[in-house]
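J.: Mind having a look at this structure? Questions to follow.
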Amino acid sequence: AGDGGAAGEAQGVRGVREGGGGEAMPVQDDLLLQRGVPEGQVGGAQGGVLGGAEEEGGEGAGAAWSGPPDVGEACFQAGDLLRQQEDFCGAEEHYLEALRIFRLLEGQWSVNVAAVSGNLGLVYGRLGRLDDAVRMEKQAVRVFRRVLGDEHAYVAQALNSLGCSLRKKGQPDRAMEKLEEAHKMFVGLYGEDHADVAMVLTNMANILREKGLGREALAMDEKALGILRRTLGPDDEGIAMSLLNLGGSYRGQGLLDEARARLEEGLGIVRRIHAGKNSLEGKFLQSIGDVCDDQGSPDDALRMYKEARRIYRKTVGPESADMGDVMHNTAFVLRKQGKLEEATEMYEEALGIRRRALGDENTGLAETLYSLARCKEDAGDAGGAVVCLREARSIHEKRGVTHGTAEGVVAALSRLEGRV
């Protein structure tokens, strides 16, 4: 189904939590660490304060905190619970309150401040607020390094999350630098056969796949899954997310039966471990829909996409990047069926969602602009197609992207600009 997809993000093991064709968005997910309050870190004097909050751009402490010290921890834990329930706006509210309290109690340079900042980064990433995600994750890296040193697992976890957000922002080279640093740290701490090592390998494979290095990504995904099967239980969300990405790698190599088998295995795990609907179930359904379309079953694909949209609407919300992705893929199938009016409307809605969720310079936005341009060209609107293509080209130029869809954009412009 062109380039459609959902992406999983490997975020870590104390609570593990985006192929082909240049038109649909492939489903991948980064694995991300979701932290709780570090043991023994709440309470001011024991919190490892290393300096005044005014240093290096830190926020001032403001008025003294007069409430009980465990309020910050309670807000943090409430934020964790709401995030796990995919109430990201509620989680943000509680994390921000926890961050305010910890800064008042402990100053800027405490592990609690870094941990809350990292979890806020996860929330902002799910809400599509990528600039905010990167800002908070950079803060987490900076504080963890200063408090704990350069070779601590929390530093590696924060680097992993930062790398994932940079990838989503369309900065693959910077993202890979952070992930490679995290991988080196985890191997040094735990050896090769550890779930955190697998987590980073999965996220590195996402970047390789986006760069068109499908075989290398497949090998890395298979290695990561092998590690996770040896180190985690059979019904662990980390394994499910690894299966999601491995399914995408198999699909990218044209191994559709293998892809579907891995995706259905992962979907089964998600349904067993989550009592209610979860956005990860939507990602699996979306990916299976992509495979259905590749196998020549567009009606089955549309049925899967419809169910994924229903799940996203109830979990991450109608304005989420996930919703934009699945609507993009739905439009792709409609266009293949010759339903150009429906496809154009769906692409335009997906474009609006992705613009609001990801910003005006995200490479995913360029993918939708390119697909919308092709749909407009099919409908005889060469002028409208050129407008979309020029914006897509501008995004690729700003991001330094020259392969994949960027090549298609340049070719389409050279074909159409003389006709308008």
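Ligands are numbered from 1 in the order shown, chains are lettered A, B, ... in the order of the structure tokens, and residues start at 1 in each chain.
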Please provide the set of residues having any atom within 7 Å of segment 335-347 of chain A, restricted to only C-alpha atoms, with same-chain residues fewer than 6 positions apart removed, written as a PDB file with N, CA, C and O atoms, in the first residue's frame.

T.:
ATOM      1  N   MET A 327      -5.083   7.509   7.434  1.00  0.00           N
ATOM      2  CA  MET A 327      -5.903   8.159   6.416  1.00  0.00           C
ATOM      3  C   MET A 327      -5.132   8.292   5.104  1.00  0.00           C
ATOM      4  O   MET A 327      -5.685   8.135   4.012  1.00  0.00           O
ATOM      5  N   HIS A 328      -3.843   8.558   5.196  1.00  0.00           N
ATOM      6  CA  HIS A 328      -2.988   8.585   4.009  1.00  0.00           C
ATOM      7  C   HIS A 328      -3.051   7.240   3.285  1.00  0.00           C
ATOM      8  O   HIS A 328      -3.232   7.183   2.065  1.00  0.00           O
ATOM      9  N   THR A 368       2.824  12.897   1.947  1.00  0.00           N
ATOM     10  CA  THR A 368       1.406  13.102   1.657  1.00  0.00           C
ATOM     11  C   THR A 368       1.219  14.122   0.542  1.00  0.00           C
ATOM     12  O   THR A 368       0.340  13.967  -0.316  1.00  0.00           O
ATOM     13  N   LEU A 372      -0.813  13.317  -2.798  1.00  0.00           N
ATOM     14  CA  LEU A 372      -1.926  14.172  -3.196  1.00  0.00           C
ATOM     15  C   LEU A 372      -1.688  14.736  -4.593  1.00  0.00           C
ATOM     16  O   LEU A 372      -2.619  14.826  -5.413  1.00  0.00           O
ATOM     17  N   CYS A 375      -2.538  12.188  -7.144  1.00  0.00           N
ATOM     18  CA  CYS A 375      -3.990  12.044  -7.250  1.00  0.00           C
ATOM     19  C   CYS A 375      -4.579  13.196  -8.072  1.00  0.00           C
ATOM     20  O   CYS A 375      -5.445  12.989  -8.932  1.00  0.00           O
ATOM     21  N   ALA A 379      -6.516  13.240 -11.795  1.00  0.00           N
ATOM     22  CA  ALA A 379      -7.825  13.879 -11.988  1.00  0.00           C
ATOM     23  C   ALA A 379      -7.764  15.028 -12.986  1.00  0.00           C
ATOM     24  O   ALA A 379      -8.769  15.707 -13.208  1.00  0.00           O
TER      25      ALA A 379
END

J.: Give me the residues near Ala198 of chain A as a PyMOL selection string, where near means some atom within 7 Å (using only C-alpha atoms) and where sequence neighbours in that chain fewer than 3 positions away do not count.

T.: chain A and resi 194-195+201-202+224+227-228

J.: With distances taken over only C-alpha atoms, which residue among A:Gly296, A:Gly238, A:Gly352, A:Gly276 lies nearest Asp325 of chain A?

T.: A:Gly352

J.: Any idea what's packed within 8 Å of segment 410-418 of chain A, counting only C-alpha atoms, ignoring anything in its chain fewer than 4 positions away? Could you give it as a ChimeraX atom specification?

T.: /A:382,386,389-390,393,406

J.: The selected residues should be written to file as a PDB file, in the first residue's frame (atoms: all heavy atoms).

T.:
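File written: again32.pdb
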ATOM      1  N   ALA A 382      -3.323  19.526 -13.158  1.00  0.00           N
ATOM      2  CA  ALA A 382      -1.866  19.627 -13.154  1.00  0.00           C
ATOM      3  C   ALA A 382      -1.389  20.807 -12.313  1.00  0.00           C
ATOM      4  O   ALA A 382      -0.356  20.717 -11.624  1.00  0.00           O
ATOM      5  CB  ALA A 382      -1.356  19.770 -14.591  1.00  0.00           C
ATOM      6  N   VAL A 386       1.267  20.612  -9.149  1.00  0.00           N
ATOM      7  CA  VAL A 386       2.538  21.322  -9.084  1.00  0.00           C
ATOM      8  C   VAL A 386       2.684  22.086  -7.773  1.00  0.00           C
ATOM      9  O   VAL A 386       3.774  22.121  -7.175  1.00  0.00           O
ATOM     10  CB  VAL A 386       2.686  22.271 -10.292  1.00  0.00           C
ATOM     11  CG1 VAL A 386       3.845  23.248 -10.090  1.00  0.00           C
ATOM     12  CG2 VAL A 386       2.904  21.462 -11.569  1.00  0.00           C
ATOM     13  N   LEU A 389       3.722  19.546  -5.223  1.00  0.00           N
ATOM     14  CA  LEU A 389       5.067  19.050  -5.484  1.00  0.00           C
ATOM     15  C   LEU A 389       6.127  20.078  -5.100  1.00  0.00           C
ATOM     16  O   LEU A 389       7.185  19.724  -4.567  1.00  0.00           O
ATOM     17  CB  LEU A 389       5.208  18.678  -6.956  1.00  0.00           C
ATOM     18  CG  LEU A 389       4.408  17.445  -7.404  1.00  0.00           C
ATOM     19  CD1 LEU A 389       4.375  17.362  -8.916  1.00  0.00           C
ATOM     20  CD2 LEU A 389       5.001  16.168  -6.816  1.00  0.00           C
ATOM     21  N   ARG A 390       5.853  21.352  -5.366  1.00  0.00           N
ATOM     22  CA  ARG A 390       6.831  22.376  -4.995  1.00  0.00           C
ATOM     23  C   ARG A 390       7.018  22.462  -3.490  1.00  0.00           C
ATOM     24  O   ARG A 390       8.140  22.633  -3.010  1.00  0.00           O
ATOM     25  CB  ARG A 390       6.395  23.725  -5.573  1.00  0.00           C
ATOM     26  CG  ARG A 390       6.608  23.841  -7.080  1.00  0.00           C
ATOM     27  CD  ARG A 390       6.021  25.116  -7.641  1.00  0.00           C
ATOM     28  NE  ARG A 390       6.310  25.253  -9.076  1.00  0.00           N
ATOM     29  CZ  ARG A 390       5.721  26.122  -9.877  1.00  0.00           C
ATOM     30  NH1 ARG A 390       4.779  26.951  -9.392  1.00  0.00           N
ATOM     31  NH2 ARG A 390       6.034  26.181 -11.164  1.00  0.00           N
ATOM     32  N   ARG A 393       9.064  19.431  -2.506  1.00  0.00           N
ATOM     33  CA  ARG A 393      10.480  19.632  -2.861  1.00  0.00           C
ATOM     34  C   ARG A 393      11.170  20.548  -1.859  1.00  0.00           C
ATOM     35  O   ARG A 393      12.323  20.290  -1.452  1.00  0.00           O
ATOM     36  CB  ARG A 393      10.592  20.213  -4.267  1.00  0.00           C
ATOM     37  CG  ARG A 393      12.039  20.447  -4.724  1.00  0.00           C
ATOM     38  CD  ARG A 393      12.087  21.004  -6.126  1.00  0.00           C
ATOM     39  NE  ARG A 393      11.434  22.315  -6.227  1.00  0.00           N
ATOM     40  CZ  ARG A 393      11.248  22.970  -7.375  1.00  0.00           C
ATOM     41  NH1 ARG A 393      11.676  22.419  -8.507  1.00  0.00           N
ATOM     42  NH2 ARG A 393      10.640  24.143  -7.381  1.00  0.00           N
ATOM     43  N   ALA A 406      11.749  11.825  -2.698  1.00  0.00           N
ATOM     44  CA  ALA A 406      12.344  13.053  -3.223  1.00  0.00           C
ATOM     45  C   ALA A 406      12.648  12.911  -4.710  1.00  0.00           C
ATOM     46  O   ALA A 406      12.473  13.873  -5.486  1.00  0.00           O
ATOM     47  CB  ALA A 406      13.609  13.402  -2.453  1.00  0.00           C
TER      48      ALA A 406
END

J.: Measuring between only C-alpha atoms, which one of A:Ala153, A:Met220, A:Leu255, A:Ala331 shows the shortest distance to Glu348 of chain A?

T.: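 Smallest separation from Glu348 of chain A among the options: A:Ala331.
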
J.: Residues near Asp299 of chain A, anyone? I mean within 10 Å using only C-alpha atoms, not counting same-chain ones fewer than 6 positions away, as a PyMOL selection string.

T.: chain A and resi 289+292-293+305+333-334+337

J.: Using only N, CA, C and O atoms, please write the residues we just selected to a file, as a PDB file, in the first residue's frame.

T.:
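Saved file again_6.pdb follows:
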ATOM      1  N   GLY A 289      -3.300  -4.222   7.082  1.00  0.00           N
ATOM      2  CA  GLY A 289      -3.981  -3.648   5.925  1.00  0.00           C
ATOM      3  C   GLY A 289      -3.021  -3.370   4.780  1.00  0.00           C
ATOM      4  O   GLY A 289      -3.332  -3.623   3.606  1.00  0.00           O
ATOM      5  N   CYS A 292      -2.337  -6.643   3.154  1.00  0.00           N
ATOM      6  CA  CYS A 292      -3.516  -7.065   2.368  1.00  0.00           C
ATOM      7  C   CYS A 292      -3.539  -6.382   1.009  1.00  0.00           C
ATOM      8  O   CYS A 292      -3.799  -7.017  -0.020  1.00  0.00           O
ATOM      9  N   ASP A 293      -3.263  -5.086   0.995  1.00  0.00           N
ATOM     10  CA  ASP A 293      -3.264  -4.380  -0.287  1.00  0.00           C
ATOM     11  C   ASP A 293      -2.152  -4.896  -1.195  1.00  0.00           C
ATOM     12  O   ASP A 293      -2.355  -5.095  -2.398  1.00  0.00           O
ATOM     13  N   TYR A 305      -7.978  -0.649   7.799  1.00  0.00           N
ATOM     14  CA  TYR A 305      -7.729   0.768   8.047  1.00  0.00           C
ATOM     15  C   TYR A 305      -8.888   1.413   8.801  1.00  0.00           C
ATOM     16  O   TYR A 305      -8.680   2.252   9.688  1.00  0.00           O
ATOM     17  N   VAL A 333      -5.168   3.491  -1.255  1.00  0.00           N
ATOM     18  CA  VAL A 333      -5.938   2.372  -1.803  1.00  0.00           C
ATOM     19  C   VAL A 333      -7.109   2.889  -2.640  1.00  0.00           C
ATOM     20  O   VAL A 333      -7.403   2.360  -3.721  1.00  0.00           O
ATOM     21  N   LEU A 334      -7.785   3.931  -2.159  1.00  0.00           N
ATOM     22  CA  LEU A 334      -8.901   4.505  -2.923  1.00  0.00           C
ATOM     23  C   LEU A 334      -8.426   5.004  -4.288  1.00  0.00           C
ATOM     24  O   LEU A 334      -9.112   4.830  -5.297  1.00  0.00           O
ATOM     25  N   GLN A 337      -8.037   2.241  -6.675  1.00  0.00           N
ATOM     26  CA  GLN A 337      -9.336   1.755  -7.133  1.00  0.00           C
ATOM     27  C   GLN A 337     -10.012   2.733  -8.101  1.00  0.00           C
ATOM     28  O   GLN A 337     -11.118   2.468  -8.567  1.00  0.00           O
TER      29      GLN A 337
END
